[in-house]
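Colleague: My questions all concern the structure below.
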Amino acid sequence: MSLHDDFKPVIAVLTMHDQQRMFRGNHQNFQDILQTGESMGYVVYIVTVRDLDVTAPTVRGYTYNKGSGKWISQPFPLPHVLYNRIPNREDERKPSVQRKIDECLQSGIELYNPFFFNKWNLFEWLKKSKSTQQLVPYTRRMRSASSLGTVLRTYPYLYLKPESGKAGKGIMMLKFQEKEKLPYRLKIQNTRKSMTYKAATLSKLWARIRKETGRTPYIMQQGIELASSHKRPFDLRVLVQKNGKGQWSVTGIGARLAGSRSITTHVPRGGTVEDPEELLTDLFGEEITTALMKRVKSTSLMIARQVERGSGYKLGEMSMDLGVDDLGEIWFFEANAKPMKFDEPQIRRRSLERIFQYSAYLARQSAR
């Protein structure tokens with residue numbers, strides 16, 4: 001393999017086979033990735049776990065034909081770098097998929113972000129460093145009614161979240177107001193709507209929570225009063241990726257304003273995409289906002305480095321949700337190892353280019 005800086009490695013996007021659609025995942029996103037890679041001079045294709053044989057000289061992969069508007073299957077050279085976009089945790093947990101990822105990691109093919117993050121693990125990793133531990137709201141695993149009751153006495157405003165959640169699914173908000181006749185208020189969010197369940201006793205509340213959560217492991221987390229615009233709270237969505245020098249850098253920062261009745265800021269649940277500087281300037285003024293945006297960037301990079309250390313794997317990108325409270329303090333809520341695409345055009349373009357810049361860096365390093 002050539003070592004010079006303009007060496008262009010072969011890059012494959014890894015996903016799962018699908019009987020109806022050939023392969024799983026966001027096909028439009030895959031088209032964008034392929035188009036960006038090709039325009040930058042890379043050989044790039046989609047490959048499924050089923051078709052990837054790391055011992056064969058060629059691999060059956062998919063490319064997109066713009067003229068016919070169809071995906072075409074054809075042989076490609078074995079990739080130097082795999083970009084992991086296996087779309088869900090259930091697939092990733094399958095023993096056959098785990099074996100294939102291990103095989104790739106041992107074969108000399110560079111593969112980064114091998115697994116989804118688990119919320120509990122993320123908080124544990126961040127608590128291990130003095131610089132990141134104060135960013136994490138008080139968080140405990142939710143195991144019993146009595147432990148929930150104890151936490152509510154200290155933190156009467158909580159979020160209950162599935163450990164392995166995605167896009168705000170399954171998140172509930174809980175408030176405890178001791179002097180009320182029905183002191184427990186649980187807000188449950190479905191796809192677009194949310195409903196509030198009120199309970200007089202902890203045992204009644206717990207029965208309702210168990211009905212909602214089933215066997216899914218949940219965490220309980222201190223609720224933070226987020227900065228808000230027109231009574232709608234917002235948070236910041238930050239995309240951090242490694243660049244062509246293998247260093248973490250901030251690709252972009254977006255803001256998500258919660259839907260009028262939503263308990264999260266996710267766009268599929270009625271949230272809207274906003275300009276973070278505009279929202280923050282309205283609240284804090286220009287000077288404080290400039291300093292705050294700098295702090296958000298440095299905090300994001302610090303979190304990315306600590307998450308990578310904690311995970312024990314090579315990571316190349318993550319998106320994270322950060323909150324800013326009324327005092328301008330920054331809080332960490334969530335990081336995603338398979339970032340959803342950003343709606344902001346300039347962040348989107350840069351994010352696609354970074355995939356290839358970092359992949360080229362990885363291939364050069366492994367060739368050394």
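Residues are referred to by chain and number: the chain letter is A, B, ... according to the order shown in the structure tokens, the number counts from 1 in that chain, and ligands are numbered separately from 1 in the order shown.
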Would you give me, as JSON lines, each residue of stretch 13-117 of chain A having an atom within 10 Å of an atom of stretch 317-331 of chain A, along with its shortest atom pair and that distance in Å to one decimal, using only C-alpha atoms and sorting by chain and residue number?

Modeller:
```
{"residue": "A:Tyr112", "atom": "CA", "partner": "A:Glu317", "partner_atom": "CA", "distance": 8.6}
{"residue": "A:Asn113", "atom": "CA", "partner": "A:Glu317", "partner_atom": "CA", "distance": 7.4}
{"residue": "A:Phe117", "atom": "CA", "partner": "A:Met318", "partner_atom": "CA", "distance": 9.8}
```

Colleague: Using only C-alpha atoms, find each residue in stretch 103-150 of chain A having at least one atom no more than 10 Å away from stretch 69-92 of chain A; report its shortest atom-to-atom pair and that distance in Å (one decimal), rows by chain then rising number, as CSV.

Modeller:
```
residue,atom,partner,partner_atom,distance
A:Cys104,CA,A:Leu82,CA,8.6
A:Leu105,CA,A:Leu82,CA,9.9
A:Gly108,CA,A:His80,CA,8.0
A:Ile109,CA,A:His80,CA,5.2
A:Glu110,CA,A:Val81,CA,4.6
A:Leu111,CA,A:Leu82,CA,4.9
A:Tyr112,CA,A:Tyr83,CA,6.8
A:Asn113,CA,A:Asn84,CA,6.6
A:Pro114,CA,A:Asn84,CA,6.6
A:Phe115,CA,A:Glu92,CA,7.2
A:Phe116,CA,A:Arg89,CA,6.7
A:Phe117,CA,A:Arg89,CA,9.3
A:Asn118,CA,A:Arg89,CA,9.9
```

Colleague: From the list A:Tyr45, A:Phe30, A:Tyr64, A:Tyr313, which residue is nearest A:Ala12 when using only C-alpha atoms?

Modeller: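 Between A:Tyr45, A:Phe30, A:Tyr64, A:Tyr313, the residue approaching A:Ala12 most closely is A:Tyr45.
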
Colleague: At what distance in Å, to one decimal, does atom CA of A:Pro339 lie from atom CA of A:Val307?

Modeller: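 Calculated distance between atom CA of A:Val307 and atom CA of A:Pro339 is 14.8 Å.
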
Colleague: Report, in Å to a single decimal, how far apart atom CA of A:Leu205 and atom CA of A:Leu160 are.

Modeller: 12.8 Å

Colleague: Skip stretch 345-352 of chain A itself and residues of its chain fewer than 4 positions away, then list as a ChimeraX atom specification all residues within 7 Å of it, counting only C-alpha atoms.

Modeller: /A:33,36,251-252,341

Colleague: Okay, now the selection with all heavy atoms, as a PDB file, in the first residue's frame?

Modeller:
```
ATOM      1  N   ILE A  33     -23.447   9.913   0.858  1.00  0.00           N
ATOM      2  CA  ILE A  33     -22.082   9.500   1.224  1.00  0.00           C
ATOM      3  C   ILE A  33     -21.319   9.090  -0.036  1.00  0.00           C
ATOM      4  O   ILE A  33     -20.184   9.523  -0.267  1.00  0.00           O
ATOM      5  CB  ILE A  33     -22.112   8.339   2.257  1.00  0.00           C
ATOM      6  CG1 ILE A  33     -22.692   8.824   3.602  1.00  0.00           C
ATOM      7  CG2 ILE A  33     -20.714   7.764   2.469  1.00  0.00           C
ATOM      8  CD1 ILE A  33     -23.021   7.694   4.585  1.00  0.00           C
ATOM      9  N   THR A  36     -20.491  12.096  -2.295  1.00  0.00           N
ATOM     10  CA  THR A  36     -19.390  12.917  -1.744  1.00  0.00           C
ATOM     11  C   THR A  36     -18.057  12.216  -1.953  1.00  0.00           C
ATOM     12  O   THR A  36     -17.092  12.832  -2.416  1.00  0.00           O
ATOM     13  CB  THR A  36     -19.615  13.171  -0.232  1.00  0.00           C
ATOM     14  OG1 THR A  36     -20.882  13.814  -0.061  1.00  0.00           O
ATOM     15  CG2 THR A  36     -18.523  14.044   0.355  1.00  0.00           C
ATOM     16  N   THR A 251     -17.590  19.711  13.911  1.00  0.00           N
ATOM     17  CA  THR A 251     -18.064  19.896  12.532  1.00  0.00           C
ATOM     18  C   THR A 251     -19.146  20.970  12.489  1.00  0.00           C
ATOM     19  O   THR A 251     -19.234  21.738  11.546  1.00  0.00           O
ATOM     20  CB  THR A 251     -18.608  18.556  11.985  1.00  0.00           C
ATOM     21  OG1 THR A 251     -17.565  17.576  12.099  1.00  0.00           O
ATOM     22  CG2 THR A 251     -19.036  18.667  10.542  1.00  0.00           C
ATOM     23  N   GLY A 252     -19.972  21.004  13.529  1.00  0.00           N
ATOM     24  CA  GLY A 252     -21.028  22.016  13.547  1.00  0.00           C
ATOM     25  C   GLY A 252     -21.879  21.913  14.800  1.00  0.00           C
ATOM     26  O   GLY A 252     -21.884  20.889  15.487  1.00  0.00           O
ATOM     27  N   LYS A 341     -28.381  12.418  10.327  1.00  0.00           N
ATOM     28  CA  LYS A 341     -27.867  13.512   9.502  1.00  0.00           C
ATOM     29  C   LYS A 341     -28.401  14.859   9.987  1.00  0.00           C
ATOM     30  O   LYS A 341     -29.545  14.967  10.418  1.00  0.00           O
ATOM     31  CB  LYS A 341     -28.142  13.285   8.023  1.00  0.00           C
ATOM     32  CG  LYS A 341     -29.564  13.130   7.611  1.00  0.00           C
ATOM     33  CD  LYS A 341     -29.613  12.768   6.129  1.00  0.00           C
ATOM     34  CE  LYS A 341     -30.867  13.340   5.526  1.00  0.00           C
ATOM     35  NZ  LYS A 341     -30.950  13.298   4.121  1.00  0.00           N
TER      36      LYS A 341
END
```

Colleague: With only C-alpha atoms as the counted atoms, please give the residues lying no more than 6 Å from A:His17, apart from itself and same-chain residues fewer than 4 positions off, as a compact mmCIF listing (two decimals) with all heavy atoms, in the first residue's frame.

Modeller:
```txt
# COMPACT_ATOMS: atom_id res chain seq x y z
N MET A 22 -32.66 -4.70 -0.52
CA MET A 22 -31.25 -5.04 -0.72
C MET A 22 -30.41 -4.84 0.54
O MET A 22 -29.67 -5.70 0.95
CB MET A 22 -30.63 -4.28 -1.90
CG MET A 22 -31.28 -4.64 -3.22
SD MET A 22 -30.36 -4.03 -4.62
CE MET A 22 -31.01 -2.38 -4.73
N PHE A 23 -30.54 -3.64 1.14
CA PHE A 23 -29.80 -3.39 2.39
C PHE A 23 -30.57 -2.39 3.24
O PHE A 23 -31.34 -1.60 2.73
CB PHE A 23 -28.38 -2.89 2.10
CG PHE A 23 -28.32 -1.72 1.15
CD1 PHE A 23 -28.41 -0.41 1.62
CD2 PHE A 23 -28.18 -1.93 -0.22
CE1 PHE A 23 -28.37 0.67 0.75
CE2 PHE A 23 -28.13 -0.85 -1.10
CZ PHE A 23 -28.23 0.45 -0.61
N THR A 48 -22.92 -5.28 2.88
CA THR A 48 -23.67 -5.81 4.01
C THR A 48 -22.79 -6.78 4.80
O THR A 48 -21.83 -7.34 4.26
CB THR A 48 -24.94 -6.56 3.55
OG1 THR A 48 -24.55 -7.73 2.83
CG2 THR A 48 -25.82 -5.68 2.66
```

Colleague: So that I can check the secondary structure, give me every residue of stretch 37-284 of chain A assigned helix (DSSP H, G or I) by backbone DSSP, as a VMD selection string.

Modeller: chain A and resid 37 to 39 89 to 93 95 to 107 119 to 127 130 to 133 145 to 154 202 to 213 267 to 269 276 to 284

Colleague: Looking at only C-alpha atoms, which of A:Val250, A:Ile224, A:Leu202, A:Val13 is the one that sits closest to A:Pro183?

Modeller: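 Ranked by minimum distance to A:Pro183, first place goes to A:Leu202.
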
Colleague: Would you mind telling me which residue in A:Tyr218, A:Asn243, A:Pro156, A:Arg237 lies nearest to A:Tyr361 when using only C-alpha atoms?

Modeller: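 Looking at the shortest contact to A:Tyr361, the residue is A:Asn243.
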
Colleague: When distances are computed from only C-alpha atoms, which of A:Val273, A:Glu353, A:Ala200, A:Leu283 shows the smallest separation from A:Glu38?

Modeller: A:Glu353
